[in-house]
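Student: Handing you a structure now.
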Amino acid sequence: MPLTAVLAGVLLAALPGADDDREGGAACAPRKVDSWTPDGGATGEFARYGNDAARFDDWTGGDGTHSVRLPDGRLLWLFSDTFLGQVHGPPNLSGQPHAWRDATAPFVRNSAVVTDRSGALERTLAAPLLPDPAAGQWRWPVAAKVEPRSPGSAEKVVRVLIWTRATGTGPWIYGLPLATEVATLSLPDLRVEGVVKVSDQSAVTDPAERILYGTTAVHGAKYTYVFGGNDGKRSVRPASDAFVARVPHGRLAEPGAWRYWNGRAWGTGRPVPVLGDGAKKGVGSAYTVVRDNGTWVLFTMAAGTEGLSTITSYWACSPTGPWHGPTKGFAPPLPPDSEPRQSTAVYNPQAHPALSADDGRLLLSYDVNWLDPDPQVAQSHVNRNVSLYRPRFVRLRLGPAD
């Protein structure tokens, strides 16, 4: 999707071959998901916290799950659309054996939950964490990173990447993409100091071509690699395109420090997709990327109708690709007491490297929601069964790909 800068004004950076964050060659090997198992501990912790009847203004459900380890050992969990209030024990008002929340439960566009140093969920920050930028607009936090307040500074802050959206109709019932922003949170108190817009997409005529960055952010030797995507033309394309930018450490909140991959180099001009062919290859609107030694591994929902149930992966030796795949996917489990799979959707796979096991198994979350074109109908279902609208977790072991 085009940015407003023209190619004549591009400031080119080094090619990836000259970048020590590439780490290809012998260290890079084909990778895929070798095995996976449900992680009941992480899934159960969110159920415990969300169902705690002693809390009346805390998180009880949300999606858009992201996490970041804080310097003092705590974990900050970030969510997009969120329910607060109180959860009631089963049966629900329909006589079903589900914990449930009242239809009047508070609903906010974003939230943040903090663990103690042992990993137990401890408290919800004042919600919403990020105020709406204007009437009819809202902010969804995505990836976050602890970095120096400025390059070389000893003081650390949390940078939270944000997708800003506006009320839409038709294919945009979940919001028109507007911009990528970055919020700065102080440490250790996690106070929002300010929000900066780093990529304004409102001037792009076709909303399907607007790119939002921040679905995942990967730490490199010199740079943070920030991946993003467009929403795509869902009526004609089964998947969206993936894009990537890079930012020097300590400068995520500086719009002028961002460089976007243009197919040949890092610059300020028109970005070019690093993954997506408009057919069988591409990403969901939210995906995640991790490093496995010298290999970059991308997890996303599969293209087409499988994208409602199946997580697949790609691998590359550089963040700019070429990306190989998709590899064979897997369908993670739904809540054991939820309605049939055809009524629900799995989405937003996100890696949580800070919680990966000592044996190398990666923790991956995914969100579950009720399928219905009417958001109010979907909300009624997630209220009568609160296990639907909470993150669930699996542990993955990566192995050689064919």
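All residue names refer to the structure tokens as shown: chains lettered A, B, ... in order, residues numbered from 1 in each chain, ligands numbered from 1 in order.
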Counting only C-alpha atoms, what is within 10 Å of A:Gly284, bar same-chain residues fewer than 5 positions away, as a PDB file with all heavy atoms, in the first residue's frame?

Tutor:
ATOM      1  N   GLY A 229       0.293  -5.584   7.998  1.00  0.00           N
ATOM      2  CA  GLY A 229      -0.465  -6.133   6.891  1.00  0.00           C
ATOM      3  C   GLY A 229      -1.614  -5.227   6.504  1.00  0.00           C
ATOM      4  O   GLY A 229      -1.924  -4.249   7.191  1.00  0.00           O
ATOM      5  N   ASN A 230      -2.231  -5.559   5.359  1.00  0.00           N
ATOM      6  CA  ASN A 230      -3.460  -4.884   4.968  1.00  0.00           C
ATOM      7  C   ASN A 230      -4.635  -5.815   5.251  1.00  0.00           C
ATOM      8  O   ASN A 230      -4.466  -7.001   5.516  1.00  0.00           O
ATOM      9  CB  ASN A 230      -3.419  -4.477   3.488  1.00  0.00           C
ATOM     10  CG  ASN A 230      -3.091  -5.653   2.576  1.00  0.00           C
ATOM     11  OD1 ASN A 230      -3.344  -6.807   2.899  1.00  0.00           O
ATOM     12  ND2 ASN A 230      -2.501  -5.350   1.431  1.00  0.00           N
ATOM     13  N   ASP A 231      -5.820  -5.277   5.209  1.00  0.00           N
ATOM     14  CA  ASP A 231      -7.006  -6.091   5.437  1.00  0.00           C
ATOM     15  C   ASP A 231      -7.412  -6.869   4.189  1.00  0.00           C
ATOM     16  O   ASP A 231      -8.219  -7.787   4.263  1.00  0.00           O
ATOM     17  CB  ASP A 231      -8.174  -5.218   5.903  1.00  0.00           C
ATOM     18  CG  ASP A 231      -8.085  -4.903   7.383  1.00  0.00           C
ATOM     19  OD1 ASP A 231      -7.134  -5.372   8.030  1.00  0.00           O
ATOM     20  OD2 ASP A 231      -8.956  -4.189   7.890  1.00  0.00           O
ATOM     21  N   GLY A 232      -6.845  -6.488   3.038  1.00  0.00           N
ATOM     22  CA  GLY A 232      -7.103  -7.219   1.806  1.00  0.00           C
ATOM     23  C   GLY A 232      -8.534  -7.074   1.309  1.00  0.00           C
ATOM     24  O   GLY A 232      -9.424  -6.610   2.007  1.00  0.00           O
ATOM     25  N   PRO A 238      -8.239 -14.647  -0.573  1.00  0.00           N
ATOM     26  CA  PRO A 238      -8.391 -15.456   0.635  1.00  0.00           C
ATOM     27  C   PRO A 238      -7.407 -15.102   1.745  1.00  0.00           C
ATOM     28  O   PRO A 238      -7.482 -15.657   2.832  1.00  0.00           O
ATOM     29  CB  PRO A 238      -8.128 -16.876   0.124  1.00  0.00           C
ATOM     30  CG  PRO A 238      -7.183 -16.682  -1.023  1.00  0.00           C
ATOM     31  CD  PRO A 238      -7.592 -15.395  -1.667  1.00  0.00           C
ATOM     32  N   ALA A 239      -6.461 -14.203   1.486  1.00  0.00           N
ATOM     33  CA  ALA A 239      -5.475 -13.844   2.504  1.00  0.00           C
ATOM     34  C   ALA A 239      -4.975 -12.429   2.251  1.00  0.00           C
ATOM     35  O   ALA A 239      -5.101 -11.885   1.152  1.00  0.00           O
ATOM     36  CB  ALA A 239      -4.312 -14.826   2.495  1.00  0.00           C
ATOM     37  N   SER A 240      -4.389 -11.824   3.268  1.00  0.00           N
ATOM     38  CA  SER A 240      -3.822 -10.489   3.168  1.00  0.00           C
ATOM     39  C   SER A 240      -2.333 -10.566   2.883  1.00  0.00           C
ATOM     40  O   SER A 240      -1.717 -11.634   2.929  1.00  0.00           O
ATOM     41  CB  SER A 240      -4.059  -9.722   4.473  1.00  0.00           C
ATOM     42  OG  SER A 240      -5.429  -9.561   4.737  1.00  0.00           O
ATOM     43  N   ASP A 241      -1.732  -9.406   2.610  1.00  0.00           N
ATOM     44  CA  ASP A 241      -0.294  -9.311   2.378  1.00  0.00           C
ATOM     45  C   ASP A 241       0.411  -8.933   3.669  1.00  0.00           C
ATOM     46  O   ASP A 241      -0.131  -8.214   4.513  1.00  0.00           O
ATOM     47  CB  ASP A 241       0.007  -8.240   1.323  1.00  0.00           C
ATOM     48  CG  ASP A 241      -0.562  -8.579  -0.035  1.00  0.00           C
ATOM     49  OD1 ASP A 241      -0.566  -9.769  -0.398  1.00  0.00           O
ATOM     50  OD2 ASP A 241      -1.007  -7.652  -0.735  1.00  0.00           O
ATOM     51  N   ALA A 242       1.654  -9.410   3.803  1.00  0.00           N
ATOM     52  CA  ALA A 242       2.496  -9.058   4.942  1.00  0.00           C
ATOM     53  C   ALA A 242       3.553  -8.050   4.503  1.00  0.00           C
ATOM     54  O   ALA A 242       4.106  -8.147   3.399  1.00  0.00           O
ATOM     55  CB  ALA A 242       3.174 -10.300   5.513  1.00  0.00           C
ATOM     56  N   PHE A 299       3.784 -17.408  12.035  1.00  0.00           N
ATOM     57  CA  PHE A 299       2.557 -18.174  12.291  1.00  0.00           C
ATOM     58  C   PHE A 299       1.358 -17.306  11.930  1.00  0.00           C
ATOM     59  O   PHE A 299       1.278 -16.136  12.319  1.00  0.00           O
ATOM     60  CB  PHE A 299       2.448 -18.576  13.764  1.00  0.00           C
ATOM     61  CG  PHE A 299       3.583 -19.437  14.246  1.00  0.00           C
ATOM     62  CD1 PHE A 299       4.668 -18.873  14.882  1.00  0.00           C
ATOM     63  CD2 PHE A 299       3.571 -20.812  14.057  1.00  0.00           C
ATOM     64  CE1 PHE A 299       5.719 -19.654  15.333  1.00  0.00           C
ATOM     65  CE2 PHE A 299       4.611 -21.611  14.492  1.00  0.00           C
ATOM     66  CZ  PHE A 299       5.695 -21.028  15.135  1.00  0.00           C
ATOM     67  N   THR A 300       0.398 -17.901  11.218  1.00  0.00           N
ATOM     68  CA  THR A 300      -0.792 -17.168  10.805  1.00  0.00           C
ATOM     69  C   THR A 300      -1.943 -18.135  10.626  1.00  0.00           C
ATOM     70  O   THR A 300      -1.745 -19.354  10.567  1.00  0.00           O
ATOM     71  CB  THR A 300      -0.528 -16.407   9.485  1.00  0.00           C
ATOM     72  OG1 THR A 300      -1.675 -15.627   9.145  1.00  0.00           O
ATOM     73  CG2 THR A 300      -0.223 -17.368   8.339  1.00  0.00           C
ATOM     74  N   MET A 301      -3.145 -17.599  10.546  1.00  0.00           N
ATOM     75  CA  MET A 301      -4.270 -18.431  10.149  1.00  0.00           C
ATOM     76  C   MET A 301      -4.123 -18.770   8.676  1.00  0.00           C
ATOM     77  O   MET A 301      -3.615 -17.975   7.885  1.00  0.00           O
ATOM     78  CB  MET A 301      -5.598 -17.711  10.391  1.00  0.00           C
ATOM     79  CG  MET A 301      -5.838 -17.301  11.846  1.00  0.00           C
ATOM     80  SD  MET A 301      -5.580 -18.613  13.066  1.00  0.00           S
ATOM     81  CE  MET A 301      -6.825 -19.815  12.572  1.00  0.00           C
ATOM     82  N   ALA A 302      -4.549 -19.977   8.293  1.00  0.00           N
ATOM     83  CA  ALA A 302      -4.422 -20.425   6.918  1.00  0.00           C
ATOM     84  C   ALA A 302      -5.291 -19.573   5.992  1.00  0.00           C
ATOM     85  O   ALA A 302      -6.218 -18.882   6.422  1.00  0.00           O
ATOM     86  CB  ALA A 302      -4.818 -21.899   6.819  1.00  0.00           C
ATOM     87  N   ALA A 303      -4.974 -19.641   4.701  1.00  0.00           N
ATOM     88  CA  ALA A 303      -5.759 -18.910   3.707  1.00  0.00           C
ATOM     89  C   ALA A 303      -7.101 -19.604   3.468  1.00  0.00           C
ATOM     90  O   ALA A 303      -7.253 -20.803   3.711  1.00  0.00           O
ATOM     91  CB  ALA A 303      -4.979 -18.815   2.400  1.00  0.00           C
ATOM     92  N   GLY A 304      -8.090 -18.826   2.995  1.00  0.00           N
ATOM     93  CA  GLY A 304      -9.376 -19.406   2.646  1.00  0.00           C
ATOM     94  C   GLY A 304     -10.209 -19.780   3.855  1.00  0.00           C
ATOM     95  O   GLY A 304     -10.038 -19.250   4.962  1.00  0.00           O
ATOM     96  N   GLY A 307      -8.920 -20.609   7.309  1.00  0.00           N
ATOM     97  CA  GLY A 307      -8.496 -19.519   8.172  1.00  0.00           C
ATOM     98  C   GLY A 307      -9.376 -19.294   9.377  1.00  0.00           C
ATOM     99  O   GLY A 307      -9.053 -18.472  10.243  1.00  0.00           O
ATOM    100  N   LEU A 308     -10.488 -20.016   9.485  1.00  0.00           N
ATOM    101  CA  LEU A 308     -11.338 -19.926  10.667  1.00  0.00           C
ATOM    102  C   LEU A 308     -10.978 -20.967  11.721  1.00  0.00           C
ATOM    103  O   LEU A 308     -11.538 -20.960  12.812  1.00  0.00           O
ATOM    104  CB  LEU A 308     -12.809 -20.099  10.266  1.00  0.00           C
ATOM    105  CG  LEU A 308     -13.366 -19.055   9.302  1.00  0.00           C
ATOM    106  CD1 LEU A 308     -14.793 -19.409   8.915  1.00  0.00           C
ATOM    107  CD2 LEU A 308     -13.296 -17.666   9.913  1.00  0.00           C
ATOM    108  N   ILE A 311      -4.108 -23.030  12.038  1.00  0.00           N
ATOM    109  CA  ILE A 311      -2.893 -22.223  12.116  1.00  0.00           C
ATOM    110  C   ILE A 311      -1.816 -22.890  11.268  1.00  0.00           C
ATOM    111  O   ILE A 311      -1.582 -24.096  11.374  1.00  0.00           O
ATOM    112  CB  ILE A 311      -2.416 -22.075  13.567  1.00  0.00           C
ATOM    113  CG1 ILE A 311      -3.464 -21.328  14.402  1.00  0.00           C
ATOM    114  CG2 ILE A 311      -1.080 -21.340  13.625  1.00  0.00           C
ATOM    115  CD1 ILE A 311      -3.142 -21.282  15.888  1.00  0.00           C
ATOM    116  N   TYR A 347      -8.567 -17.268  15.788  1.00  0.00           N
ATOM    117  CA  TYR A 347      -7.876 -16.184  15.083  1.00  0.00           C
ATOM    118  C   TYR A 347      -6.764 -15.625  15.956  1.00  0.00           C
ATOM    119  O   TYR A 347      -6.613 -15.987  17.122  1.00  0.00           O
ATOM    120  CB  TYR A 347      -8.863 -15.081  14.676  1.00  0.00           C
ATOM    121  CG  TYR A 347      -9.602 -14.409  15.831  1.00  0.00           C
ATOM    122  CD1 TYR A 347      -9.297 -13.108  16.213  1.00  0.00           C
ATOM    123  CD2 TYR A 347     -10.615 -15.074  16.521  1.00  0.00           C
ATOM    124  CE1 TYR A 347      -9.985 -12.481  17.254  1.00  0.00           C
ATOM    125  CE2 TYR A 347     -11.302 -14.464  17.551  1.00  0.00           C
ATOM    126  CZ  TYR A 347     -10.977 -13.171  17.916  1.00  0.00           C
ATOM    127  OH  TYR A 347     -11.648 -12.563  18.945  1.00  0.00           O
ATOM    128  N   ASN A 348      -5.956 -14.744  15.342  1.00  0.00           N
ATOM    129  CA  ASN A 348      -4.902 -14.003  16.033  1.00  0.00           C
ATOM    130  C   ASN A 348      -3.911 -14.902  16.773  1.00  0.00           C
ATOM    131  O   ASN A 348      -3.748 -14.784  17.988  1.00  0.00           O
ATOM    132  CB  ASN A 348      -5.503 -12.985  17.006  1.00  0.00           C
ATOM    133  CG  ASN A 348      -4.427 -12.093  17.631  1.00  0.00           C
ATOM    134  OD1 ASN A 348      -3.464 -11.717  16.982  1.00  0.00           O
ATOM    135  ND2 ASN A 348      -4.604 -11.774  18.898  1.00  0.00           N
ATOM    136  N   PRO A 349      -3.198 -15.804  16.105  1.00  0.00           N
ATOM    137  CA  PRO A 349      -2.125 -16.532  16.795  1.00  0.00           C
ATOM    138  C   PRO A 349      -0.994 -15.570  17.166  1.00  0.00           C
ATOM    139  O   PRO A 349      -0.563 -14.759  16.334  1.00  0.00           O
ATOM    140  CB  PRO A 349      -1.668 -17.560  15.750  1.00  0.00           C
ATOM    141  CG  PRO A 349      -2.019 -16.938  14.435  1.00  0.00           C
ATOM    142  CD  PRO A 349      -3.272 -16.142  14.670  1.00  0.00           C
TER     143      PRO A 349
END

Student: Between atom CA of A:Gly263 and atom CA of A:Ala401, what is the spacing in Å?

Tutor: 25.8 Å

Student: So, with only C-alpha atoms as the atoms that count, which of A:Ala378, A:Ser80, A:Gly276, A:Val160 lies closest to A:Val226?

Tutor: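 Result for the nearest residue to A:Val226: A:Val160.
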
Student: Could you check the closest approach to A:Arg31 for each of A:Asp374, A:Pro319, A:Leu355, A:Arg291 and tell me which residue wins, using only C-alpha atoms?

Tutor: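 The answer is A:Arg291, which sits nearest to A:Arg31.
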
Student: Taking only C-alpha atoms into account, name the residue in A:Asp116, A:Leu178, A:Ile162, A:Trp315 that is nearest to A:Gln137.

Tutor: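 Among A:Asp116, A:Leu178, A:Ile162, A:Trp315, it is A:Leu178 that comes nearest to A:Gln137.
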
Student: Neighbours of A:Arg165 within 8 Å (only C-alpha atoms; same-chain residues fewer than 3 positions away dropped), as a ChimeraX atom specification?

Tutor: /A:137-140,175-179

Student: Store the residues of this selection in a file with N, CA and C atoms, as a short mmCIF file (atom, residue, chain, number, x, y, z; two decimals), in the first residue's frame.

Tutor:
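Written out: selection30.cif:
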data_model
loop_
_atom_site.label_atom_id
_atom_site.label_comp_id
_atom_site.auth_asym_id
_atom_site.auth_seq_id
_atom_site.Cartn_x
_atom_site.Cartn_y
_atom_site.Cartn_z
N GLN A 137 -13.66 6.76 16.67
CA GLN A 137 -12.37 6.12 16.47
C GLN A 137 -11.93 5.44 17.75
N TRP A 138 -11.07 4.45 17.63
CA TRP A 138 -10.55 3.77 18.81
C TRP A 138 -9.17 3.22 18.55
N ARG A 139 -8.54 2.76 19.63
CA ARG A 139 -7.17 2.24 19.56
C ARG A 139 -7.13 0.79 20.02
N TRP A 140 -6.52 -0.06 19.20
CA TRP A 140 -6.26 -1.45 19.57
C TRP A 140 -4.76 -1.62 19.77
N GLY A 175 -14.20 -2.04 11.71
CA GLY A 175 -13.47 -0.79 11.73
C GLY A 175 -12.63 -0.55 10.49
N LEU A 176 -12.58 0.72 10.06
CA LEU A 176 -11.72 1.14 8.97
C LEU A 176 -10.31 1.38 9.50
N PRO A 177 -9.28 0.82 8.87
CA PRO A 177 -7.91 1.09 9.32
C PRO A 177 -7.53 2.55 9.03
N LEU A 178 -6.96 3.21 10.03
CA LEU A 178 -6.59 4.63 9.89
C LEU A 178 -5.10 4.88 10.01
N ALA A 179 -4.45 4.32 11.05
CA ALA A 179 -3.06 4.69 11.31
C ALA A 179 -2.40 3.69 12.25
#

Student: Of the candidates A:Ser202, A:Ser67, A:Thr124, A:Ser94, which one gets nearest to A:Ser111 if we count only C-alpha atoms?

Tutor: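 Result for the nearest residue to A:Ser111: A:Thr124.
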
Student: Name all residues at most 12 Å from A:Leu334 (count only C-alpha atoms; drop same-chain ones fewer than 4 positions away) and give them as a PyMOL selection string.

Tutor: chain A and resi 38+43+308-310+338-347+366-370+387-394

Student: State, in Å with one decimal place, the distance from atom CA of A:Gln86 to atom CA of A:Val142.

Tutor: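 Interatomic distance here is 25.3 Å.
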
Student: Quick one: pick out all strand (DSSP E) residues within stretch 138-359 of chain A from a backbone DSSP run and write them as a VMD selection string.

Tutor: chain A and resid 138 to 148 156 to 166 176 to 185 192 to 200 211 to 219 223 to 230 242 to 248 259 to 261 266 to 267 288 to 292 295 to 301 311 to 316 344 to 351

Student: Just the residues within 12 Å of A:Gln379, please, counting only C-alpha atoms, with nothing from its chain fewer than 4 positions along; format it as a list in words.

Tutor: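 Near neighbours after the sequence-gap exclusion: Gly61, Gly62, Asp81, Thr82, Phe83, Trp100, Arg101, Asp102, Ala103, Thr104, Ala105, Phe107, Asn369, Trp370, Leu371, Asp372, Pro373, Asp374, Pro375, Asn383, Arg384, Asn385, Val386, Leu388 and Tyr389 of chain A.
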
Student: Those residues with C-alpha atoms, as a PDB file, in the first residue's frame please?

Tutor:
ATOM      1  CA  GLY A  61     -12.491 -11.392  28.575  1.00  0.00           C
ATOM      2  CA  GLY A  62     -10.744  -9.925  25.562  1.00  0.00           C
ATOM      3  CA  ASP A  81     -11.826  -5.180  22.745  1.00  0.00           C
ATOM      4  CA  THR A  82     -12.365  -6.101  26.386  1.00  0.00           C
ATOM      5  CA  PHE A  83     -15.158  -6.951  28.807  1.00  0.00           C
ATOM      6  CA  TRP A 100     -21.569 -15.953  32.118  1.00  0.00           C
ATOM      7  CA  ARG A 101     -21.593 -12.176  32.301  1.00  0.00           C
ATOM      8  CA  ASP A 102     -24.507  -9.770  32.296  1.00  0.00           C
ATOM      9  CA  ALA A 103     -25.404  -7.955  29.068  1.00  0.00           C
ATOM     10  CA  THR A 104     -24.718  -4.643  30.852  1.00  0.00           C
ATOM     11  CA  ALA A 105     -21.090  -5.559  31.597  1.00  0.00           C
ATOM     12  CA  PHE A 107     -17.024  -2.953  27.352  1.00  0.00           C
ATOM     13  CA  ASN A 369     -14.966 -15.901  19.098  1.00  0.00           C
ATOM     14  CA  TRP A 370     -18.526 -16.597  18.015  1.00  0.00           C
ATOM     15  CA  LEU A 371     -19.160 -16.462  14.258  1.00  0.00           C
ATOM     16  CA  ASP A 372     -21.950 -14.089  13.267  1.00  0.00           C
ATOM     17  CA  PRO A 373     -22.120 -11.146  10.843  1.00  0.00           C
ATOM     18  CA  ASP A 374     -24.050  -9.183  13.473  1.00  0.00           C
ATOM     19  CA  PRO A 375     -21.621  -8.065  16.246  1.00  0.00           C
ATOM     20  CA  ASN A 383     -21.591 -13.202  27.296  1.00  0.00           C
ATOM     21  CA  ARG A 384     -23.501 -16.404  27.946  1.00  0.00           C
ATOM     22  CA  ASN A 385     -20.278 -18.471  27.715  1.00  0.00           C
ATOM     23  CA  VAL A 386     -17.294 -16.436  28.872  1.00  0.00           C
ATOM     24  CA  LEU A 388     -15.276 -18.182  24.255  1.00  0.00           C
ATOM     25  CA  TYR A 389     -13.760 -14.711  24.384  1.00  0.00           C
TER      26      TYR A 389
END

Student: A:Ala144, A:Ala54, A:Ala221, A:Cys28: which is nearest A:Phe79, counting only C-alpha atoms?

Tutor: A:Ala144

Student: Considering only C-alpha atoms, can you say which of A:Arg259, A:Arg397, A:Val377, A:Trp77 comes closest to A:Leu125?

Tutor: A:Trp77
